[in-house]
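Undergrad: First the structure, then my questions, so here it is.
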Amino acid sequence: MYKYLLAFLLLASATQAQNVEFSKDRFGNDKDGLKAALKEIKAGDEWYEMDPPRYEQALGHYLAAQKFNPNNAELNLRIGDSYLHSGFKPRALEYLQKAYQLNPDVDPRIHYLLGRGLHLNAKWTEAIAEYKRATPASGSKNTAAFTTDIQKKIRECENGKKLAAKPSRVFIDNAGPGVNSPYPDYGPVITADESVILFTSRRDNSTGGQHDPETGGFFEDIYQSSRNSQGEWSAARNLGDPVNTDGHDATVGLAPDGQRMLVYMEDNGGDLHEADLRGVQWRKPQKLGSRINSRSHESSAAYTPDGRSLYFVTDKEGGLGSRDIYKIEIDGRGQAVNLGSTINTQYGEEGVFLHPDGKTMYFSSEGHNSMGGYDIFKSVYENGKWSAPENLGWPINTPDDDVFFVISASGRHGYYSSFRDDGLGSKDIYQITFLGAEKQPLLSQEDQLLASRVQPVKETLLAPPVAIASAQVTILKGTVTDDKTKEPLEATIDVIDNSRNQVIASFRANAQSGRYLVSLPSGINYGIVVRQEGYLFHSENFDLPAGAAYSEVVKDIALKKLDVGVKVVLNNIFFDFDKATLRKESTSELERLQKLLTETPALRLEISGHTDNVGNAAYNKDLSQRRAKAVVDYLVQNGISKDRLTFAGYGDTQPVAPNTTKAGRQLNRRTEFKVTGK
């Protein structure tokens, strides 16, 4: 009995795996259905057999025919092959496996295609086995290239096995309907504080409203969304004219403050452009110069935090691989510098992004220890060189292309686009939340009394808690306004390295809102100077030691017009401890004050010193007076008439904050000037 049952099961299995042709002898009772299916196959074949093939256009026709007859080996193979060239590549596997089940000789490429399908589904071991069974097409002249490709893909599977065994601790969440749509949404760029996101989309409300004849989809346009107080993204809006045109327009980079944007346009083989934000309106993108753009394809770029240099990707001749990353000073005269073999490989690099800390670079590469396609890597510039790129790991990276990744200044959230099952229709933008290293259990060290024991049980501490790594950067943001009218001002914000007496970056507050944002990497004593024509300058100081953790500082600044009686604090005047000796870090602030007096010949000032209430009041008053005099002496020695200046020491008699806190006492220890005549 068992013998007959086994024979029956084998026969049934063979019947299920039988290849079914689209023929009248099979479907004679459904002539209309057969006719419609054959029509779909013919339409699909026209796309599939084009040079180059149009797989995504073919796929819909093939799937329609497959509903009529799901058991045709050739059709399943073409569906699988088309999926391998689509956004949803992992879906290819079930069709390729069925094609092989129906007819193991369906195509000479079947083992290679099965290897790809398994690889893209992270079935690393099975994929390696299929790759090893793959052979080049009969009579192929590219056997060496085929062998090299197979060897690389096997290495990628080995990398994938290792990386997937130790997954990164992250949450990956869809950015939601405010950002994403049923159409492809990708290429996100963000402000450093994550308040604004811009991205590229191919929606039906594109500027030209036309379809790309090559892909059939709508042309690319740039969209923008803002995060509300609940942390949700507002409904994205099309930036419209003059940023978006009737052709393809894609955003590839954004300055940390969101006031400048890098745009890719399909002219001259693909070039990079730059647009400025004035108020709420983006200006027409202007093409970057020939030192950046070439006759080749420049695809992506990123600003350095100071906005003075650019990292960009190009496939121009002379690189180390198919696409390389270069760096160039935007307003300089020198040529772009290839980042070298530590970063660039013999394969392609893409999607470069520089963190606001100024030293951490994220990029995608087909080389290094990629698990397939482009993977996202991180490298840190230290001691004059880039560190070995680190793969961000599974599940951030997948066997498919993972590219155009950006990360917030805090390092807490990253953003990129992906095809996933929870998407809203096509490629969507996702937010990655980095959880940091896993913490070991922290057990109580108190004695635990158990009912079954007379003596207490001693618990021990297994390991100290692991802190989540924090980016070493401070975000300073706020609004610049007129002190009296409270109207926003389009002021200039200069960032100064006090130790070098050098302006290292300049930004502008938004023309309409007065908002500004400055990223300050740790390890520098910064002077921040806000200036606007017709107003007295305002200064702030941020002394950020190396290793200082991420923080956000909100500082609204009200600029004062030059009127008698107006007082301005000089936050970047520094003295040696308990002395009236000016430190060299004061030079920039003193020079600004000297320039103000030189440019306004009738201006008269009182320089005053102030202290907190710690210590002897008489001593504090004397110290504050000697410090005020030191400032006056500097100005006189540098050409300012003595009769335009007076000085006074007020000690602790004019506090601007309570002396009950450390922060309050710090505010009270200050040097300031008052306009006494103009």
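Simple scheme: letters A, B, ... for chains in structure tokens order, numbers from 1 for residues in each chain, numbers from 1 for ligands in the order shown.
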Residues at most 12 Å from Gln502 of chain A, counting only C-alpha atoms, excluding those fewer than 4 positions away in the same chain, as number ranges by chain?
TA: A: 494-498, 506, 524-528, 585-589, 591
Undergrad: Restrict the calculation to only C-alpha atoms, then for each residue of segment 400-424 of chain A with any atom at most 9 Å from an atom of segment 191-204 of chain A give the closest atom pair and their distance in Å to one decimal, rows by chain and rising residue number, as JSON lines.
TA:
{"residue": "A:Ile407", "atom": "CA", "partner": "A:Ala192", "partner_atom": "CA", "distance": 8.1}
{"residue": "A:Ser408", "atom": "CA", "partner": "A:Ala192", "partner_atom": "CA", "distance": 5.3}
{"residue": "A:Ala409", "atom": "CA", "partner": "A:Ala192", "partner_atom": "CA", "distance": 5.0}
{"residue": "A:Ser410", "atom": "CA", "partner": "A:Asp193", "partner_atom": "CA", "distance": 7.7}
{"residue": "A:His413", "atom": "CA", "partner": "A:Glu194", "partner_atom": "CA", "distance": 8.6}
Undergrad: Could you turn the residues from that selection into a file that holds all heavy atoms, as a PDB file, in the first residue's frame?
TA:
ATOM      1  N   ILE A 407      22.051  62.022   7.697  1.00  0.00           N
ATOM      2  CA  ILE A 407      21.876  61.817   9.127  1.00  0.00           C
ATOM      3  C   ILE A 407      21.792  63.168   9.830  1.00  0.00           C
ATOM      4  O   ILE A 407      22.411  64.154   9.398  1.00  0.00           O
ATOM      5  CB  ILE A 407      23.025  60.952   9.694  1.00  0.00           C
ATOM      6  CG1 ILE A 407      22.728  60.485  11.120  1.00  0.00           C
ATOM      7  CG2 ILE A 407      24.348  61.698   9.628  1.00  0.00           C
ATOM      8  CD1 ILE A 407      23.677  59.402  11.616  1.00  0.00           C
ATOM      9  N   SER A 408      21.008  63.230  10.890  1.00  0.00           N
ATOM     10  CA  SER A 408      20.833  64.474  11.638  1.00  0.00           C
ATOM     11  C   SER A 408      22.107  64.826  12.395  1.00  0.00           C
ATOM     12  O   SER A 408      22.970  63.980  12.630  1.00  0.00           O
ATOM     13  CB  SER A 408      19.669  64.324  12.620  1.00  0.00           C
ATOM     14  OG  SER A 408      19.953  63.305  13.572  1.00  0.00           O
ATOM     15  N   ALA A 409      22.198  66.070  12.817  1.00  0.00           N
ATOM     16  CA  ALA A 409      23.378  66.509  13.558  1.00  0.00           C
ATOM     17  C   ALA A 409      23.530  65.740  14.864  1.00  0.00           C
ATOM     18  O   ALA A 409      24.646  65.469  15.311  1.00  0.00           O
ATOM     19  CB  ALA A 409      23.287  68.011  13.845  1.00  0.00           C
ATOM     20  N   SER A 410      22.429  65.344  15.465  1.00  0.00           N
ATOM     21  CA  SER A 410      22.487  64.603  16.724  1.00  0.00           C
ATOM     22  C   SER A 410      23.016  63.187  16.533  1.00  0.00           C
ATOM     23  O   SER A 410      23.449  62.554  17.496  1.00  0.00           O
ATOM     24  CB  SER A 410      21.095  64.537  17.355  1.00  0.00           C
ATOM     25  OG  SER A 410      20.234  63.722  16.567  1.00  0.00           O
ATOM     26  N   HIS A 413      19.032  60.147  14.166  1.00  0.00           N
ATOM     27  CA  HIS A 413      18.177  59.716  13.062  1.00  0.00           C
ATOM     28  C   HIS A 413      18.890  59.814  11.720  1.00  0.00           C
ATOM     29  O   HIS A 413      19.573  60.804  11.452  1.00  0.00           O
ATOM     30  CB  HIS A 413      16.902  60.562  12.990  1.00  0.00           C
ATOM     31  CG  HIS A 413      16.000  60.409  14.168  1.00  0.00           C
ATOM     32  ND1 HIS A 413      15.383  61.465  14.783  1.00  0.00           N
ATOM     33  CD2 HIS A 413      15.615  59.306  14.856  1.00  0.00           C
ATOM     34  CE1 HIS A 413      14.656  61.032  15.795  1.00  0.00           C
ATOM     35  NE2 HIS A 413      14.792  59.718  15.863  1.00  0.00           N
TER      36      HIS A 413
END
Undergrad: Kindly indicate which residue among A:Thr314, A:Ile573, A:Glu214, A:Ser519 lies nearest to Asp51 of chain A, using only C-alpha atoms for the distances.
TA: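 Among the listed residues, the smallest separation from Asp51 of chain A belongs to A:Glu214.
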Undergrad: In Å, rounded to a single decimal, give me how far atom CA of Ile172 of chain A is from atom CA of Leu120 of chain A.
TA: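 Those two atoms sit 18.7 Å apart.
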Undergrad: Just want the 7 Å neighbourhood of segment 349-351 of chain A, counted on only C-alpha atoms, with same-chain residues fewer than 6 positions away dropped. Output as a list in words.
TA: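 Selected residues are Ser300, Val313, Arg323, Asp324, Ile325, Phe363, Ser364, Ser365, Glu366, Val403, Phe404 and Phe405 of chain A.
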Undergrad: Apply DSSP to the structure's backbone, then extract all residues of segment 494-549 of chain A labelled strand (DSSP E) and return them as a PyMOL selection string.
TA: chain A and resi 494-497+502-508+515-521+524-531+538-544
Undergrad: Can you tell me which residues surround segment 594-609 of chain A at a distance of at most 8 Å, considering only C-alpha atoms, apart from same-chain residues fewer than 6 positions away, and format the answer as a ChimeraX atom specification?
TA: /A:624-625,627-629,631-632,635,638,640,644-651,669-678
Undergrad: Report the distance between atom CA of Ala73 of chain A and atom CA of Gly87 of chain A in Å, rounded to one decimal place.
TA: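 So the answer is 22.7 Å.
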Undergrad: Mind checking which residues fall within 7 Å of Ala134 of chain A, counting only C-alpha atoms, ignoring those fewer than 2 positions away in the same chain, and posting them as JSON, numbers by chain?
TA: {"A": [111, 112, 130, 131, 132, 136]}
Undergrad: Quick one: write out the picked residues with N, CA and C atoms as a PDB file, in the first residue's frame?
TA:
ATOM      1  N   HIS A 111      20.823  29.426 -13.284  1.00  0.00           N
ATOM      2  CA  HIS A 111      21.493  29.334 -11.987  1.00  0.00           C
ATOM      3  C   HIS A 111      22.016  30.701 -11.527  1.00  0.00           C
ATOM      4  N   TYR A 112      22.465  31.512 -12.477  1.00  0.00           N
ATOM      5  CA  TYR A 112      22.890  32.871 -12.124  1.00  0.00           C
ATOM      6  C   TYR A 112      21.695  33.674 -11.623  1.00  0.00           C
ATOM      7  N   GLU A 130      24.128  28.478  -5.817  1.00  0.00           N
ATOM      8  CA  GLU A 130      23.661  28.719  -7.189  1.00  0.00           C
ATOM      9  C   GLU A 130      24.707  29.473  -8.010  1.00  0.00           C
ATOM     10  N   TYR A 131      25.376  30.458  -7.387  1.00  0.00           N
ATOM     11  CA  TYR A 131      26.428  31.173  -8.120  1.00  0.00           C
ATOM     12  C   TYR A 131      27.523  30.210  -8.573  1.00  0.00           C
ATOM     13  N   LYS A 132      27.845  29.246  -7.732  1.00  0.00           N
ATOM     14  CA  LYS A 132      28.897  28.281  -8.086  1.00  0.00           C
ATOM     15  C   LYS A 132      28.460  27.357  -9.209  1.00  0.00           C
ATOM     16  N   PRO A 136      28.913  30.735 -17.829  1.00  0.00           N
ATOM     17  CA  PRO A 136      28.685  31.763 -18.856  1.00  0.00           C
ATOM     18  C   PRO A 136      27.944  31.181 -20.048  1.00  0.00           C
TER      19      PRO A 136
END
Undergrad: Go through A:Arg237, A:Arg260, A:Lys89, A:Lys42 and flag the residue nearest Ile222 of chain A, using only C-alpha atoms for the distances.
TA: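 Nearest to Ile222 of chain A: A:Arg237.
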Undergrad: What does the distance from atom CA of Phe171 of chain A to atom CA of His355 of chain A come to in Å, to one decimal?
TA: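 Answer for the atom CA of Phe171 of chain A to atom CA of His355 of chain A separation: 20.3 Å.
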Undergrad: Would you give me, as number ranges by chain, the residues in segment 142-200 of chain A that DSSP reads as alpha helix (DSSP H)?
TA: A: 143-165
Undergrad: What's around segment 377-391 of chain A at 12 Å? Count only C-alpha atoms, leave out sequence neighbours fewer than 4 positions away in its own chain, and write the answer as a ChimeraX atom specification.
TA: /A:159-160,162-164,166-168,339-345,349-355,357-372,395-398,402-407
Undergrad: Convert the current residue selection to file output with N, CA and C atoms, as a compact mmCIF listing (two decimals), in the first residue's frame.
TA:
# COMPACT_ATOMS: atom_id res chain seq x y z
N ASN A 159 30.06 38.44 2.99
CA ASN A 159 29.95 39.65 3.81
C ASN A 159 28.58 39.74 4.47
N GLY A 160 27.54 39.42 3.68
CA GLY A 160 26.18 39.48 4.19
C GLY A 160 25.96 38.54 5.36
N LYS A 162 28.14 37.54 7.54
CA LYS A 162 28.82 38.08 8.72
C LYS A 162 28.05 39.27 9.30
N LEU A 163 27.62 40.17 8.43
CA LEU A 163 26.95 41.38 8.90
C LEU A 163 25.56 41.08 9.48
N ALA A 164 24.84 40.16 8.83
CA ALA A 164 23.50 39.82 9.31
C ALA A 164 23.55 39.08 10.64
N LYS A 166 25.32 39.91 13.12
CA LYS A 166 25.43 40.92 14.16
C LYS A 166 24.71 42.19 13.70
N PRO A 167 23.38 42.15 13.68
CA PRO A 167 22.62 43.28 13.13
C PRO A 167 22.80 44.56 13.94
N SER A 168 22.68 45.68 13.25
CA SER A 168 22.72 46.99 13.91
C SER A 168 21.44 47.19 14.72
N LEU A 339 39.54 61.60 -3.26
CA LEU A 339 39.75 61.22 -1.86
C LEU A 339 40.65 60.01 -1.69
N GLY A 340 41.01 59.35 -2.78
CA GLY A 340 42.01 58.29 -2.69
C GLY A 340 41.44 56.92 -2.42
N SER A 341 42.33 55.94 -2.35
CA SER A 341 41.95 54.53 -2.33
C SER A 341 41.36 54.07 -1.00
N THR A 342 41.53 54.85 0.07
CA THR A 342 40.87 54.46 1.32
C THR A 342 39.36 54.54 1.17
N ILE A 343 38.89 55.53 0.43
CA ILE A 343 37.46 55.74 0.22
C ILE A 343 37.00 55.16 -1.11
N ASN A 344 37.66 55.55 -2.18
CA ASN A 344 37.24 55.14 -3.52
C ASN A 344 37.81 53.77 -3.88
N THR A 345 37.00 52.96 -4.56
CA THR A 345 37.38 51.61 -4.95
C THR A 345 37.37 51.48 -6.45
N GLU A 349 31.26 54.57 -6.29
CA GLU A 349 30.88 55.25 -5.06
C GLU A 349 29.78 56.26 -5.40
N GLU A 350 28.91 56.54 -4.45
CA GLU A 350 27.75 57.39 -4.74
C GLU A 350 27.20 57.97 -3.43
N GLY A 351 26.32 58.99 -3.56
CA GLY A 351 25.55 59.50 -2.44
C GLY A 351 26.36 60.01 -1.27
N VAL A 352 27.33 60.88 -1.50
CA VAL A 352 28.18 61.36 -0.41
C VAL A 352 27.43 62.35 0.47
N PHE A 353 27.69 62.29 1.79
CA PHE A 353 27.09 63.21 2.76
C PHE A 353 28.08 63.44 3.89
N LEU A 354 28.26 64.71 4.27
CA LEU A 354 29.16 65.04 5.36
C LEU A 354 28.34 65.49 6.57
N HIS A 355 28.59 64.85 7.71
CA HIS A 355 27.89 65.19 8.94
C HIS A 355 28.28 66.60 9.38
N ASP A 357 29.40 67.58 12.00
CA ASP A 357 30.62 67.66 12.82
C ASP A 357 31.85 67.95 11.99
N GLY A 358 31.72 67.92 10.65
CA GLY A 358 32.81 68.29 9.75
C GLY A 358 33.84 67.22 9.51
N LYS A 359 33.70 66.07 10.16
CA LYS A 359 34.74 65.04 10.02
C LYS A 359 34.19 63.65 9.72
N THR A 360 32.89 63.45 9.82
CA THR A 360 32.31 62.13 9.57
C THR A 360 31.59 62.14 8.23
N MET A 361 32.01 61.26 7.35
CA MET A 361 31.44 61.18 6.01
C MET A 361 30.67 59.87 5.86
N TYR A 362 29.51 59.98 5.25
CA TYR A 362 28.71 58.82 4.89
C TYR A 362 28.65 58.77 3.37
N PHE A 363 28.76 57.58 2.81
CA PHE A 363 28.68 57.43 1.36
C PHE A 363 28.29 56.00 1.05
N SER A 364 27.89 55.77 -0.18
CA SER A 364 27.55 54.42 -0.63
C SER A 364 28.61 53.91 -1.59
N SER A 365 28.84 52.60 -1.54
CA SER A 365 29.88 52.01 -2.38
C SER A 365 29.48 50.60 -2.77
N GLU A 366 29.88 50.21 -3.99
CA GLU A 366 29.74 48.83 -4.45
C GLU A 366 30.94 47.99 -4.01
N GLY A 367 31.96 48.65 -3.48
CA GLY A 367 33.17 47.96 -3.07
C GLY A 367 33.22 47.76 -1.56
N HIS A 368 34.44 47.77 -1.01
CA HIS A 368 34.67 47.50 0.41
C HIS A 368 34.01 46.17 0.77
N ASN A 369 33.33 46.08 1.89
CA ASN A 369 32.68 44.82 2.26
C ASN A 369 31.17 44.92 2.07
N SER A 370 30.76 45.38 0.89
CA SER A 370 29.34 45.46 0.56
C SER A 370 28.71 44.08 0.58
N MET A 371 27.44 44.00 1.00
CA MET A 371 26.72 42.74 0.96
C MET A 371 25.90 42.61 -0.31
N GLY A 372 26.07 43.56 -1.24
CA GLY A 372 25.37 43.50 -2.52
C GLY A 372 24.96 44.87 -2.99
N PRO A 395 20.08 45.75 9.53
CA PRO A 395 19.26 45.77 8.33
C PRO A 395 19.24 47.11 7.60
N ILE A 396 20.12 48.06 7.98
CA ILE A 396 20.18 49.32 7.23
C ILE A 396 20.56 49.02 5.80
N ASN A 397 21.65 48.29 5.64
CA ASN A 397 22.06 47.84 4.31
C ASN A 397 21.41 46.50 3.99
N THR A 398 21.15 46.30 2.73
CA THR A 398 20.52 45.09 2.23
C THR A 398 21.32 44.59 1.03
N ASP A 402 21.59 50.47 -1.59
CA ASP A 402 21.24 51.36 -0.49
C ASP A 402 22.09 52.61 -0.64
N VAL A 403 21.44 53.73 -0.93
CA VAL A 403 22.19 54.91 -1.35
C VAL A 403 21.44 56.17 -0.96
N PHE A 404 22.14 57.31 -0.99
CA PHE A 404 21.59 58.63 -0.66
C PHE A 404 21.06 58.65 0.77
N PHE A 405 21.99 58.42 1.69
CA PHE A 405 21.70 58.41 3.12
C PHE A 405 22.16 59.72 3.73
N VAL A 406 21.34 60.31 4.60
CA VAL A 406 21.73 61.51 5.35
C VAL A 406 21.42 61.26 6.81
N ILE A 407 22.05 62.02 7.70
CA ILE A 407 21.88 61.82 9.13
C ILE A 407 21.79 63.17 9.83
Undergrad: For segment 242-250 of chain A, work out the shell of residues within 6 Å, counting only C-alpha atoms and skipping chain neighbours fewer than 5 positions away, then give it as a PyMOL selection string.
TA: chain A and resi 200+207-208+219-222+263-265+284
